[in-house]
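A.B. asks: Handing over run_4.txt, compact mmCIF, C-alpha atoms and all ligand atoms.
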```txt
# COMPACT_ATOMS: atom_id res chain seq x y z
CA MET A 1 -8.76 -20.38 25.17
CA LYS A 2 -8.55 -18.23 28.28
CA THR A 3 -11.46 -15.89 29.05
CA ILE A 4 -10.28 -12.34 29.36
CA SER A 5 -12.30 -9.63 31.03
CA LYS A 6 -12.80 -6.25 29.42
CA SER A 7 -9.72 -4.12 29.94
CA LYS A 8 -9.38 -0.63 31.34
CA SER A 9 -6.04 -0.18 29.57
CA LYS A 10 -5.39 2.60 27.07
CA PHE A 11 -6.64 2.04 23.51
CA ILE A 12 -3.80 0.86 21.26
CA PRO A 13 -4.49 1.77 17.63
CA VAL A 14 -3.24 -0.40 14.80
CA ASN A 15 -1.11 2.49 13.62
CA THR A 16 0.09 5.87 14.82
CA PRO A 17 2.53 7.84 12.67
CA LYS A 18 5.50 9.71 14.07
CA ILE A 19 6.02 13.30 13.02
CA TYR A 20 9.42 14.87 13.69
CA LYS A 21 10.44 18.53 14.02
CA ASP A 22 11.70 18.94 10.42
CA GLU A 23 8.25 18.15 9.00
CA LYS A 24 6.73 20.88 11.18
CA LYS A 25 9.43 23.36 10.18
CA TYR A 26 9.05 22.73 6.44
CA VAL A 27 5.23 22.66 6.50
CA ASN A 28 5.27 25.91 8.45
CA LYS A 29 7.44 27.45 5.74
CA CYS A 30 4.76 26.57 3.17
CA LEU A 31 2.09 28.12 5.36
CA THR A 32 3.99 31.32 6.04
CA THR A 33 5.08 31.80 2.41
CA GLY A 34 1.71 30.80 0.92
CA TRP A 35 3.10 27.95 -1.25
CA ILE A 36 0.36 25.51 -0.40
CA SER A 37 -0.73 24.02 -3.75
CA SER A 38 1.29 21.69 -5.99
CA GLU A 39 3.46 24.67 -6.97
CA GLY A 40 6.44 25.26 -4.70
CA LYS A 41 9.96 24.03 -4.16
CA TYR A 42 9.26 21.03 -1.92
CA VAL A 43 7.53 18.92 -4.61
CA LYS A 44 10.63 18.94 -6.82
CA GLU A 45 12.93 18.59 -3.82
CA PHE A 46 11.01 15.56 -2.52
CA GLU A 47 11.00 13.94 -5.98
CA LYS A 48 14.71 14.50 -6.37
CA ARG A 49 15.68 13.30 -2.92
CA PHE A 50 13.34 10.30 -2.89
CA SER A 51 14.43 9.07 -6.32
CA LYS A 52 18.06 9.42 -5.26
CA TYR A 53 17.37 7.48 -2.07
CA ILE A 54 15.83 4.57 -4.01
CA ASN A 55 18.38 4.93 -6.80
CA LYS A 56 16.18 5.85 -9.75
CA ARG A 57 16.63 8.75 -12.13
CA TYR A 58 13.16 10.38 -12.15
CA GLY A 59 10.42 10.86 -9.58
CA VAL A 60 6.78 11.95 -10.02
CA ALA A 61 5.03 12.84 -6.76
CA VAL A 62 1.29 12.15 -6.77
CA SER A 63 -1.73 12.17 -4.46
CA SER A 64 -1.70 8.49 -3.38
CA GLY A 65 -0.23 5.05 -4.01
CA THR A 66 -3.40 4.17 -5.92
CA ALA A 67 -2.90 7.21 -8.18
CA ALA A 68 0.72 6.15 -8.70
CA LEU A 69 -0.41 2.68 -9.88
CA GLU A 70 -3.03 4.14 -12.24
CA ILE A 71 -0.61 6.58 -13.82
CA ALA A 72 2.21 4.01 -14.07
CA MET A 73 -0.11 1.47 -15.74
CA LYS A 74 -1.50 3.99 -18.22
CA SER A 75 1.95 5.31 -19.09
CA LEU A 76 2.81 1.88 -20.56
CA ASN A 77 0.18 2.43 -23.27
CA LEU A 78 -0.72 -1.27 -23.55
CA LYS A 79 -3.25 -2.52 -26.11
CA LYS A 80 -6.72 -3.37 -24.79
CA LYS A 81 -6.99 -6.96 -23.47
CA SER A 82 -3.25 -7.28 -22.92
CA GLU A 83 -2.63 -9.48 -19.89
CA VAL A 84 -1.14 -8.06 -16.72
CA ILE A 85 -0.05 -10.42 -13.95
CA ILE A 86 -1.01 -9.18 -10.51
CA PRO A 87 -1.15 -10.63 -6.97
CA ASN A 88 -4.39 -12.24 -5.81
CA PHE A 89 -3.50 -11.08 -2.30
CA SER A 90 -3.08 -7.30 -2.17
CA ILE A 91 -4.99 -4.02 -2.08
CA ILE A 92 -7.78 -3.66 -4.68
CA SER A 93 -5.89 -0.73 -6.31
CA THR A 94 -3.65 -3.26 -8.06
CA ALA A 95 -6.58 -4.82 -9.93
CA LEU A 96 -8.36 -1.50 -10.50
CA CYS A 97 -5.46 0.12 -12.34
CA VAL A 98 -5.61 -2.80 -14.79
CA VAL A 99 -9.36 -3.19 -15.33
CA LYS A 100 -9.99 0.56 -15.65
CA LEU A 101 -7.82 0.51 -18.78
CA GLY A 102 -9.59 -2.48 -20.35
CA LEU A 103 -6.60 -4.75 -19.68
CA LYS A 104 -6.90 -8.30 -18.35
CA PRO A 105 -5.66 -9.04 -14.83
CA VAL A 106 -4.18 -12.51 -14.35
CA LEU A 107 -4.00 -13.57 -10.72
CA VAL A 108 -1.14 -15.26 -8.91
CA ASP A 109 -1.33 -17.02 -5.54
CA VAL A 110 0.95 -16.50 -2.57
CA ASP A 111 4.19 -18.17 -1.59
CA PRO A 112 3.38 -19.63 1.87
CA LYS A 113 6.91 -18.90 3.13
CA THR A 114 6.98 -15.18 2.42
CA TRP A 115 3.27 -14.25 1.93
CA ASN A 116 4.33 -12.64 -1.33
CA MET A 117 3.45 -13.50 -4.93
CA ASN A 118 4.74 -16.97 -5.74
CA PRO A 119 7.53 -16.43 -8.30
CA LYS A 120 7.13 -19.88 -9.85
CA GLU A 121 3.46 -19.21 -10.45
CA ILE A 122 4.20 -15.83 -12.02
CA ILE A 123 6.46 -17.53 -14.53
CA LYS A 124 3.89 -20.24 -15.23
CA LYS A 125 1.24 -17.64 -16.04
CA ILE A 126 3.34 -15.77 -18.59
CA ASN A 127 2.20 -16.24 -22.19
CA ARG A 128 2.46 -14.25 -25.40
CA ASN A 129 -0.33 -11.87 -24.30
CA THR A 130 1.47 -10.97 -21.06
CA LYS A 131 2.66 -7.39 -21.37
CA ALA A 132 3.25 -6.37 -17.77
CA ILE A 133 3.66 -7.74 -14.23
CA ILE A 134 2.90 -5.80 -11.07
CA ILE A 135 5.40 -7.17 -8.56
CA THR A 136 3.93 -6.30 -5.17
CA HIS A 137 5.98 -6.57 -1.99
CA ILE A 138 3.86 -7.46 1.02
CA TYR A 139 4.01 -6.35 4.69
CA GLY A 140 7.75 -5.64 4.90
CA PHE A 141 9.35 -8.63 3.19
CA PRO A 142 10.15 -8.53 -0.54
CA VAL A 143 9.15 -10.84 -3.38
CA GLU A 144 11.83 -13.29 -4.54
CA MET A 145 12.27 -11.45 -7.86
CA ARG A 146 15.42 -12.82 -9.48
CA GLU A 147 13.93 -15.32 -11.92
CA VAL A 148 10.87 -13.22 -12.67
CA LEU A 149 13.00 -10.21 -13.58
CA ALA A 150 15.20 -12.33 -15.84
CA VAL A 151 12.23 -13.85 -17.69
CA ALA A 152 10.52 -10.45 -18.00
CA ARG A 153 13.65 -8.86 -19.43
CA LYS A 154 14.05 -11.64 -21.97
CA ARG A 155 10.43 -11.47 -23.08
CA LYS A 156 10.19 -7.64 -22.99
CA ILE A 157 7.48 -7.71 -20.34
CA LYS A 158 7.23 -4.47 -18.36
CA ILE A 159 7.59 -4.53 -14.60
CA ILE A 160 5.73 -2.21 -12.27
CA GLU A 161 7.18 -2.70 -8.80
CA ASP A 162 4.55 -1.83 -6.17
CA THR A 163 6.72 -0.75 -3.29
CA ALA A 164 3.97 0.89 -1.21
CA GLU A 165 4.66 -1.26 1.85
CA MET A 166 8.41 -1.46 1.48
CA ILE A 167 9.99 2.01 1.59
CA GLY A 168 13.69 1.63 2.39
CA GLN A 169 13.73 -2.18 2.12
CA THR A 170 16.48 -3.88 0.13
CA TYR A 171 16.52 -7.01 -2.02
CA ASN A 172 20.02 -8.47 -2.34
CA LYS A 173 21.41 -5.17 -1.01
CA LYS A 174 19.65 -3.04 -3.65
CA LYS A 175 16.65 -0.89 -2.79
CA CYS A 176 13.20 -2.32 -3.49
CA GLY A 177 11.64 0.00 -6.05
CA SER A 178 14.88 0.17 -8.02
CA PHE A 179 14.08 -2.97 -10.06
CA GLY A 180 10.90 -2.08 -11.98
CA ASP A 181 10.60 -0.20 -15.27
CA LEU A 182 8.33 1.87 -13.08
CA SER A 183 7.97 1.60 -9.32
CA THR A 184 5.19 3.00 -7.18
CA PHE A 185 5.06 4.07 -3.54
CA SER A 186 2.45 5.19 -1.02
CA PHE A 187 2.92 7.78 1.70
CA TYR A 188 -0.37 7.18 3.51
CA ALA A 189 -0.19 7.78 7.29
CA ASN A 190 0.62 4.14 8.05
CA LYS A 191 3.55 3.84 5.63
CA HIS A 192 7.25 3.91 6.56
CA ILE A 193 7.35 7.56 5.60
CA THR A 194 4.19 9.58 5.29
CA THR A 195 2.86 12.76 3.73
CA GLY A 196 -0.64 12.19 5.18
CA GLU A 197 -1.87 11.00 1.80
CA GLY A 198 0.51 10.74 -1.15
CA GLY A 199 2.46 8.59 -3.54
CA MET A 200 5.36 8.54 -5.99
CA ILE A 201 6.29 6.93 -9.29
CA LEU A 202 9.96 6.33 -10.07
CA THR A 203 11.56 5.37 -13.37
CA ASN A 204 14.83 5.62 -15.28
CA ASP A 205 13.02 6.02 -18.60
CA LYS A 206 12.70 9.62 -19.74
CA LYS A 207 9.69 8.96 -22.01
CA LEU A 208 7.75 7.16 -19.28
CA TYR A 209 8.67 9.97 -16.91
CA SER A 210 7.30 12.66 -19.26
CA LYS A 211 4.12 10.64 -19.78
CA CYS A 212 3.63 10.24 -16.01
CA ILE A 213 4.20 13.98 -15.46
CA SER A 214 1.56 14.74 -18.07
CA LEU A 215 -0.98 12.16 -16.77
CA ARG A 216 -0.63 13.55 -13.24
CA ASN A 217 -1.67 16.99 -14.42
CA LEU A 218 -4.68 16.49 -16.73
CA CYS A 219 -2.40 16.13 -19.79
CA PHE A 220 -2.54 19.87 -20.42
CA GLY A 221 -1.87 20.52 -24.13
CA SER A 222 1.74 20.99 -25.19
CA LYS A 223 0.74 23.55 -27.86
CA ASN A 224 -2.52 24.95 -26.53
CA ARG A 225 -2.69 24.46 -22.75
CA PHE A 226 -6.46 23.94 -22.68
CA ASP A 227 -6.55 21.56 -25.64
CA HIS A 228 -5.53 18.45 -23.70
CA ASP A 229 -3.20 15.78 -25.13
CA ASP A 230 -4.75 12.71 -23.45
CA ILE A 231 -7.18 11.65 -20.72
CA GLY A 232 -5.34 12.32 -17.47
CA TRP A 233 -6.12 13.10 -13.86
CA ASN A 234 -5.48 15.76 -11.31
CA TYR A 235 -3.36 13.51 -9.09
CA ARG A 236 -0.92 16.23 -8.03
CA MET A 237 0.82 16.24 -4.66
CA THR A 238 0.72 19.52 -2.74
CA ASN A 239 3.78 21.44 -1.59
CA LEU A 240 2.52 20.94 1.99
CA GLN A 241 2.58 17.16 1.57
CA ALA A 242 5.97 17.21 -0.13
CA ALA A 243 7.37 19.40 2.67
CA MET A 244 6.28 16.73 5.11
CA GLY A 245 7.85 14.07 2.90
CA CYS A 246 11.21 15.90 2.93
CA GLY A 247 11.13 16.03 6.72
CA GLN A 248 10.25 12.34 6.99
CA LEU A 249 13.03 11.43 4.59
CA ASN A 250 15.54 13.09 6.96
CA ASN A 251 14.46 10.50 9.51
CA ILE A 252 14.18 7.36 7.38
CA SER A 253 17.10 5.47 8.99
CA LYS A 254 15.66 6.06 12.44
CA ILE A 255 12.23 4.95 11.22
CA LEU A 256 13.51 1.71 9.67
CA LYS A 257 15.56 0.92 12.77
CA ARG A 258 12.53 1.34 15.02
CA LYS A 259 10.29 -0.72 12.71
CA ARG A 260 12.77 -3.59 12.93
CA GLU A 261 12.94 -3.22 16.72
CA ILE A 262 9.14 -3.45 16.91
CA GLY A 263 9.18 -6.61 14.78
CA LYS A 264 11.99 -8.20 16.78
CA ARG A 265 10.29 -7.44 20.08
CA TYR A 266 7.07 -9.10 18.94
CA ILE A 267 9.06 -12.09 17.70
CA SER A 268 10.84 -12.50 21.04
CA ILE A 269 7.45 -12.68 22.78
CA LEU A 270 5.64 -14.85 20.24
CA LYS A 271 8.35 -17.16 18.92
CA LYS A 272 7.42 -20.13 21.10
CA CYS A 273 3.74 -20.01 20.21
CA LYS A 274 2.95 -23.05 18.06
CA LYS A 275 -0.46 -21.79 17.00
CA ILE A 276 0.73 -19.02 14.72
CA THR A 277 2.99 -18.39 11.74
CA ILE A 278 4.74 -15.10 11.02
CA GLN A 279 6.57 -13.70 8.01
CA PRO A 280 10.33 -14.47 7.92
CA TYR A 281 12.57 -12.11 9.86
CA LYS A 282 15.52 -12.70 7.58
CA ASN A 283 16.59 -14.87 4.66
CA LYS A 284 19.39 -14.78 2.12
CA TYR A 285 18.05 -11.74 0.24
CA ALA A 286 16.35 -9.52 2.86
CA THR A 287 15.65 -8.62 6.48
CA ASN A 288 12.04 -7.73 7.29
CA ILE A 289 11.18 -4.05 7.84
CA PHE A 290 7.73 -4.86 9.28
CA TRP A 291 5.41 -2.42 7.59
CA VAL A 292 2.95 -4.32 9.75
CA PHE A 293 3.40 -7.28 12.08
CA GLY A 294 1.23 -10.01 10.61
CA ILE A 295 -0.10 -13.05 12.46
CA LEU A 296 -1.36 -16.13 10.65
CA LEU A 297 -3.31 -18.53 12.85
CA LYS A 298 -2.57 -22.11 12.03
CA ASN A 299 -5.71 -23.92 11.02
CA ASN A 300 -6.09 -25.71 14.35
CA LYS A 301 -9.85 -25.21 14.74
CA THR A 302 -9.56 -24.29 18.44
CA ILE A 303 -10.19 -20.59 17.89
CA SER A 304 -11.07 -18.57 14.82
CA ARG A 305 -9.32 -15.39 13.66
CA ASN A 306 -12.49 -13.40 14.25
CA LYS A 307 -12.70 -14.56 17.86
CA VAL A 308 -9.05 -13.69 18.51
CA VAL A 309 -9.52 -10.25 16.99
CA LEU A 310 -12.63 -9.70 19.12
CA GLN A 311 -10.79 -10.74 22.27
CA LEU A 312 -7.98 -8.30 21.45
CA LYS A 313 -10.52 -5.56 20.82
CA LYS A 314 -12.03 -6.19 24.26
CA ARG A 315 -8.55 -5.59 25.65
CA ASN A 316 -8.38 -2.27 23.75
CA ILE A 317 -6.05 -3.60 21.07
CA GLN A 318 -6.96 -2.68 17.52
CA THR A 319 -6.04 -5.04 14.69
CA ARG A 320 -6.70 -5.23 10.96
CA ASN A 321 -7.63 -8.35 9.02
CA PHE A 322 -5.43 -9.36 6.08
CA PHE A 323 -6.43 -8.51 2.50
CA TYR A 324 -9.44 -10.18 0.88
CA PRO A 325 -8.44 -12.07 -2.30
CA MET A 326 -9.13 -10.41 -5.65
CA TYR A 327 -10.90 -13.44 -7.08
CA LYS A 328 -13.54 -13.24 -4.32
CA GLN A 329 -14.15 -9.48 -4.64
CA LYS A 330 -17.78 -8.97 -5.68
CA ILE A 331 -17.03 -5.92 -7.83
CA LEU A 332 -14.41 -7.85 -9.81
CA LYS A 333 -16.48 -11.04 -10.06
CA LYS A 334 -19.22 -9.03 -11.78
CA LEU A 335 -16.78 -8.16 -14.57
CA LYS A 336 -16.19 -11.87 -15.35
CA ILE A 337 -12.53 -11.24 -16.00
CA PHE A 338 -11.01 -14.14 -14.09
CA LYS A 339 -10.70 -17.71 -15.30
CA LYS A 340 -13.24 -19.96 -13.58
CA ASN A 341 -12.35 -22.75 -11.12
CA GLN A 342 -8.95 -21.40 -10.20
CA LYS A 343 -7.68 -22.33 -6.74
CA PHE A 344 -5.82 -19.87 -4.52
CA GLN A 345 -5.35 -21.92 -1.38
CA VAL A 346 -2.61 -19.84 0.22
CA SER A 347 -4.41 -16.52 -0.31
CA ASP A 348 -7.59 -18.11 1.06
CA ASP A 349 -5.73 -19.24 4.18
CA LEU A 350 -4.16 -15.80 4.70
CA SER A 351 -7.39 -13.91 4.23
CA THR A 352 -9.36 -16.24 6.55
CA ASN A 353 -6.79 -16.66 9.30
CA GLY A 354 -4.55 -13.59 9.11
CA PHE A 355 -4.54 -10.24 10.88
CA TYR A 356 -1.96 -7.71 11.94
CA LEU A 357 -1.09 -6.24 15.30
CA PRO A 358 -0.45 -2.58 16.17
CA SER A 359 2.93 -1.75 14.67
CA GLY A 360 3.06 2.02 14.12
CA LEU A 361 5.95 4.24 15.11
CA GLY A 362 3.98 5.73 18.00
CA LEU A 363 3.94 2.35 19.77
CA THR A 364 5.93 2.06 23.03
CA ASN A 365 7.85 -1.05 24.13
CA SER A 366 5.47 -1.63 27.03
CA GLU A 367 2.54 -1.51 24.60
CA ILE A 368 4.26 -4.10 22.38
CA ASP A 369 4.78 -6.33 25.43
CA TYR A 370 1.16 -5.91 26.47
CA VAL A 371 -0.14 -6.72 22.96
CA GLY A 372 2.14 -9.74 22.52
CA LYS A 373 1.44 -11.19 25.96
CA THR A 374 -2.30 -10.62 25.61
CA LEU A 375 -2.27 -12.51 22.31
CA LEU A 376 -0.38 -15.38 23.94
CA LYS A 377 -2.97 -15.58 26.73
CA ILE A 378 -5.85 -15.61 24.26
CA LEU A 379 -4.21 -18.43 22.33
CA GLN A 380 -3.38 -20.54 25.41
C1 LIG B 401 0.62 -2.84 -1.77
C2 LIG B 401 -0.14 -1.54 -1.82
N1 LIG B 401 -0.23 -0.89 -3.00
C3 LIG B 401 -0.90 0.26 -3.11
C4 LIG B 401 -1.53 0.83 -2.03
C5 LIG B 401 -2.33 2.07 -2.22
O1 LIG B 401 -1.81 3.17 -1.57
P1 LIG B 401 -2.73 4.40 -1.15
O2 LIG B 401 -3.49 4.01 0.07
O3 LIG B 401 -1.76 5.51 -0.89
O4 LIG B 401 -3.63 4.71 -2.30
C6 LIG B 401 -1.46 0.20 -0.78
C7 LIG B 401 -2.10 0.79 0.40
O5 LIG B 401 -1.91 0.43 1.52
C8 LIG B 401 -0.76 -1.03 -0.67
O6 LIG B 401 -0.68 -1.69 0.49
```
As structure tokens, how would this structure be written, given the file I've shared?

C.D. replies:
Amino acid sequence: MKTISKSKSKFIPVNTPKIYKDEKKYVNKCLTTGWISSEGKYVKEFEKRFSKYINKRYGVAVSSGTAALEIAMKSLNLKKKSEVIIPNFSIISTALCVVKLGLKPVLVDVDPKTWNMNPKEIIKKINRNTKAIIITHIYGFPVEMREVLAVARKRKIKIIEDTAEMIGQTYNKKKCGSFGDLSTFSFYANKHITTGEGGMILTNDKKLYSKCISLRNLCFGSKNRFDHDDIGWNYRMTNLQAAMGCGQLNNISKILKRKREIGKRYISILKKCKKITIQPYKNKYATNIFWVFGILLKNNKTISRNKVVLQLKKRNIQTRNFFYPMYKQKILKKLKIFKKNQKFQVSDDLSTNGFYLPSGLGLTNSEIDYVGKTLLKILQ
């Protein structure tokens, strides 16, 4: 490992969003007309345009991707203790939307080639108590879904497709998020398109759509408004956020193109490095859209992930460690919901040795070169 002195270079954050002129124009319209709450034309417009873009019939805009998962899960109205298959390697929201409803999460390890849920393992874990699967696409490259979708259809298991990290991605030429009975999205500032905070649920099912609409808005009573029909949330998206979403959507092709350029540029710098693994750029069903650019250190014992990250930090480069596996999460362990003595070797490897580099839309080519070359030097 090369010693690197503390840098005087500009701080490079792990993400910076890009905001175009349409967003400013539409948000300004909300401000000047006073339509700043969840009432206002942009919420419906964003739902309509986003669902059309992904190719689903109905859209429900909400306050975050986490809110989208909670509403989607509840809308399925599953019996307590039903099993829901989820990834071991993802954001905690995936497990929380299951346990909060008294359902049983069943964990699946990662496919080492794609860093996504291992489809063979999903199928192995299906039994007669399995009522839903949350298919979660990770970091820009989709889950190999073909077999899982076929089995789920046959056995009437519901699919929630968590598409938070994959806006605009395709799987076999069809948009990710168009496969689930329900699909969920996040528009947090680091996502492909952003509304600051925000999320969306899409579905083709009118009943699920009506239920999601109701759950988003405190399930106000259908007969007497203040005699509520169910236990819901205020997870509404504001017109201001939706206005921003409409502007971002105008720029989605540009955004995806740039994300791929960022990924390709990192690959061209790092491809000869034998000490790391990266997610595939392309295979027979997809081309990566690099929500983030992940680095997995091979277990070579010469330098740990934490040391690499620290060295990058000293050079003003911010990184983020990969997810921490669900089965190790202290808050979930306390609930005693997972089978004992399960092994999740691939998730363990990713969470111990993985981190991602700056990959936001605000990043310049010279910053990418600096980050990539600095990483190479550290790993020498
Ligand atoms: C796969 C996945 N699902 C859901 C979420 C939750 O989205 P939010 O942060 O908008 O609540 C995230 C957040 O990054 C995510 O990565």

A.B. asks: Please list as a list in words every residue within 10 Å of Pro142 of chain A, counting all atoms listed in the file and excluding residues in the same chain fewer than 2 positions away.

C.D. replies: Thr114, Trp115, Asn116, Met117, Ile135, Thr136, His137, Ile138, Tyr139, Gly140, Glu144, Met145, Thr163, Glu165, Met166, Gln169, Thr170, Tyr171, Cys176, Tyr285, Ala286, Thr287, Asn288 and Ile289 of chain A

A.B. asks: Residues at most 7 Å from ligand LIG 401 (chain B), using all atoms listed in the file? Could they come as a ChimeraX atom specification?

C.D. replies: /A:64-67,90-91,93-94,136-138,162-165,186-188,197-199

A.B. asks: Could you work out how far atom CA of Ile276 of chain A lies from atom CA of Leu312 of chain A, giving the answer in Å with one decimal?

C.D. replies: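 It comes out at 15.4 Å.
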
A.B. asks: Excluding Pro358 of chain A and its own-chain neighbours fewer than 5 positions away, which residues fall within 8 Å of it when counting all atoms listed in the file? Please give them as a ChimeraX atom specification.

C.D. replies: /A:12-15,292-293,317-319,363,368,371

A.B. asks: Please measure the separation of atom CA of Ile303 of chain A and atom CA of Gly360 of chain A, giving the value in Å to one decimal.

C.D. replies: 26.5 Å

A.B. asks: If I take atom CA of Gln329 of chain A and atom CA of Ile231 of chain A, how far is one from the other in Å, to one decimal?

C.D. replies: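 The value is 27.5 Å.
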
A.B. asks: Which residue is closest to Gln380 of chain A? Choose from A:Lys333, A:Lys340, A:Lys282, A:Lys272 and count all atoms listed in the file.

C.D. replies: A:Lys272

A.B. asks: Using all atoms listed in the file, find all polymer residues with an atom at most 7 Å away from the point (-3.6, -1.5, 25.8); report them as a PyMOL selection string.

C.D. replies: chain A and resi 9-12+315-317+367+370-371

A.B. asks: Which residues are near segment 247-252 of chain A? Cut-off 9 Å, all atoms listed in the file, ignore same chain within fewer than 6 positions. Put them as an mmCIF file with C-alpha atoms, in the frame of the given file.

C.D. replies:
```cif
data_model
loop_
_atom_site.group_PDB
_atom_site.id
_atom_site.type_symbol
_atom_site.label_atom_id
_atom_site.label_comp_id
_atom_site.auth_asym_id
_atom_site.auth_seq_id
_atom_site.Cartn_x
_atom_site.Cartn_y
_atom_site.Cartn_z
ATOM 1 C CA LYS A 18 5.500 9.710 14.070
ATOM 2 C CA ILE A 19 6.020 13.300 13.020
ATOM 3 C CA TYR A 20 9.420 14.870 13.690
ATOM 4 C CA LYS A 21 10.440 18.530 14.020
ATOM 5 C CA ASP A 22 11.700 18.940 10.420
ATOM 6 C CA GLU A 23 8.250 18.150 9.000
ATOM 7 C CA LYS A 24 6.730 20.880 11.180
ATOM 8 C CA LYS A 25 9.430 23.360 10.180
ATOM 9 C CA TYR A 26 9.050 22.730 6.440
ATOM 10 C CA VAL A 27 5.230 22.660 6.500
ATOM 11 C CA PHE A 46 11.010 15.560 -2.520
ATOM 12 C CA ARG A 49 15.680 13.300 -2.920
ATOM 13 C CA PHE A 50 13.340 10.300 -2.890
ATOM 14 C CA TYR A 53 17.370 7.480 -2.070
ATOM 15 C CA ILE A 167 9.990 2.010 1.590
ATOM 16 C CA GLY A 168 13.690 1.630 2.390
ATOM 17 C CA HIS A 192 7.250 3.910 6.560
ATOM 18 C CA ILE A 193 7.350 7.560 5.600
ATOM 19 C CA THR A 194 4.190 9.580 5.290
ATOM 20 C CA THR A 195 2.860 12.760 3.730
#
```

A.B. asks: Compare A:Leu240, A:Leu202, A:Ile92, A:Leu218 by their minimum atom-to-atom distance to Lys328 of chain A, counting all atoms listed in the file, and give me the closest one.

C.D. replies: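 So, comparing all the options, the nearest one is A:Ile92.
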
A.B. asks: Looking at all atoms listed in the file, which of A:Cys219, A:Val84, A:Asp111, A:Ser268 is the one that sits closest to Asn129 of chain A?

C.D. replies: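 Of all the options, A:Val84 lies closest to Asn129 of chain A.
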
A.B. asks: May I have the residues within 8 Å of segment 120-124 of chain A as a list in words, using all atoms listed in the file and disregarding those fewer than 4 positions away in the same chain?

C.D. replies: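 My list of contacting residues is Ile85, Val108, Asp109, Val148 and Val151 of chain A.
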
A.B. asks: Can you list, as a PyMOL selection string, every protein, DNA or RNA residue that comes within 12 Å of Val308 of chain A when you count all atoms listed in the file, leaving out same-chain residues fewer than 5 positions away?

C.D. replies: chain A and resi 1-4+275-276+295-297+302-303+313-315+317-321+353-357+374-380

A.B. asks: Those same residues - C-alpha atoms - I'd like them written as a PDB file, in the frame of the given file.

C.D. replies:
```pdb
ATOM      1  CA  MET A   1      -8.760 -20.380  25.170  1.00  0.00           C
ATOM      2  CA  LYS A   2      -8.550 -18.230  28.280  1.00  0.00           C
ATOM      3  CA  THR A   3     -11.460 -15.890  29.050  1.00  0.00           C
ATOM      4  CA  ILE A   4     -10.280 -12.340  29.360  1.00  0.00           C
ATOM      5  CA  LYS A 275      -0.460 -21.790  17.000  1.00  0.00           C
ATOM      6  CA  ILE A 276       0.730 -19.020  14.720  1.00  0.00           C
ATOM      7  CA  ILE A 295      -0.100 -13.050  12.460  1.00  0.00           C
ATOM      8  CA  LEU A 296      -1.360 -16.130  10.650  1.00  0.00           C
ATOM      9  CA  LEU A 297      -3.310 -18.530  12.850  1.00  0.00           C
ATOM     10  CA  THR A 302      -9.560 -24.290  18.440  1.00  0.00           C
ATOM     11  CA  ILE A 303     -10.190 -20.590  17.890  1.00  0.00           C
ATOM     12  CA  LYS A 313     -10.520  -5.560  20.820  1.00  0.00           C
ATOM     13  CA  LYS A 314     -12.030  -6.190  24.260  1.00  0.00           C
ATOM     14  CA  ARG A 315      -8.550  -5.590  25.650  1.00  0.00           C
ATOM     15  CA  ILE A 317      -6.050  -3.600  21.070  1.00  0.00           C
ATOM     16  CA  GLN A 318      -6.960  -2.680  17.520  1.00  0.00           C
ATOM     17  CA  THR A 319      -6.040  -5.040  14.690  1.00  0.00           C
ATOM     18  CA  ARG A 320      -6.700  -5.230  10.960  1.00  0.00           C
ATOM     19  CA  ASN A 321      -7.630  -8.350   9.020  1.00  0.00           C
ATOM     20  CA  ASN A 353      -6.790 -16.660   9.300  1.00  0.00           C
ATOM     21  CA  GLY A 354      -4.550 -13.590   9.110  1.00  0.00           C
ATOM     22  CA  PHE A 355      -4.540 -10.240  10.880  1.00  0.00           C
ATOM     23  CA  TYR A 356      -1.960  -7.710  11.940  1.00  0.00           C
ATOM     24  CA  LEU A 357      -1.090  -6.240  15.300  1.00  0.00           C
ATOM     25  CA  THR A 374      -2.300 -10.620  25.610  1.00  0.00           C
ATOM     26  CA  LEU A 375      -2.270 -12.510  22.310  1.00  0.00           C
ATOM     27  CA  LEU A 376      -0.380 -15.380  23.940  1.00  0.00           C
ATOM     28  CA  LYS A 377      -2.970 -15.580  26.730  1.00  0.00           C
ATOM     29  CA  ILE A 378      -5.850 -15.610  24.260  1.00  0.00           C
ATOM     30  CA  LEU A 379      -4.210 -18.430  22.330  1.00  0.00           C
ATOM     31  CA  GLN A 380      -3.380 -20.540  25.410  1.00  0.00           C
TER      32      GLN A 380
END
```

A.B. asks: Using all atoms listed in the file for the distances, tell me which of A:Lys113, A:Lys301, A:Lys74, A:Arg153 is nearest to Phe141 of chain A.

C.D. replies: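 Of A:Lys113, A:Lys301, A:Lys74, A:Arg153, the one nearest Phe141 of chain A, counting all atoms listed in the file, is A:Lys113.
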
A.B. asks: Point out the residue among A:Lys104, A:Lys48, A:Lys29, A:Lys174 with the least atom-to-atom distance to Ala243 of chain A, counting all atoms listed in the file.

C.D. replies: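 Using all atoms listed in the file, the shortest distance to Ala243 of chain A belongs to A:Lys29.
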
A.B. asks: Which residue gives the smallest distance to Ile157 of chain A among A:Gln342, A:Asn127, A:Ser183, A:Asn172, with all atoms listed in the file counted?

C.D. replies: A:Asn127

A.B. asks: Edge lengths and centre, in Å to one decimal, as AutoDock Vina command-line options: that's what I need for the box along x, y and z that holds all listed atoms of segment 166-172 of chain A plus 3 Å on each side.

C.D. replies:
```
--center_x 14.2 --center_y -3.2 --center_z 0.0 --size_x 17.6 --size_y 16.5 --size_z 10.7
```
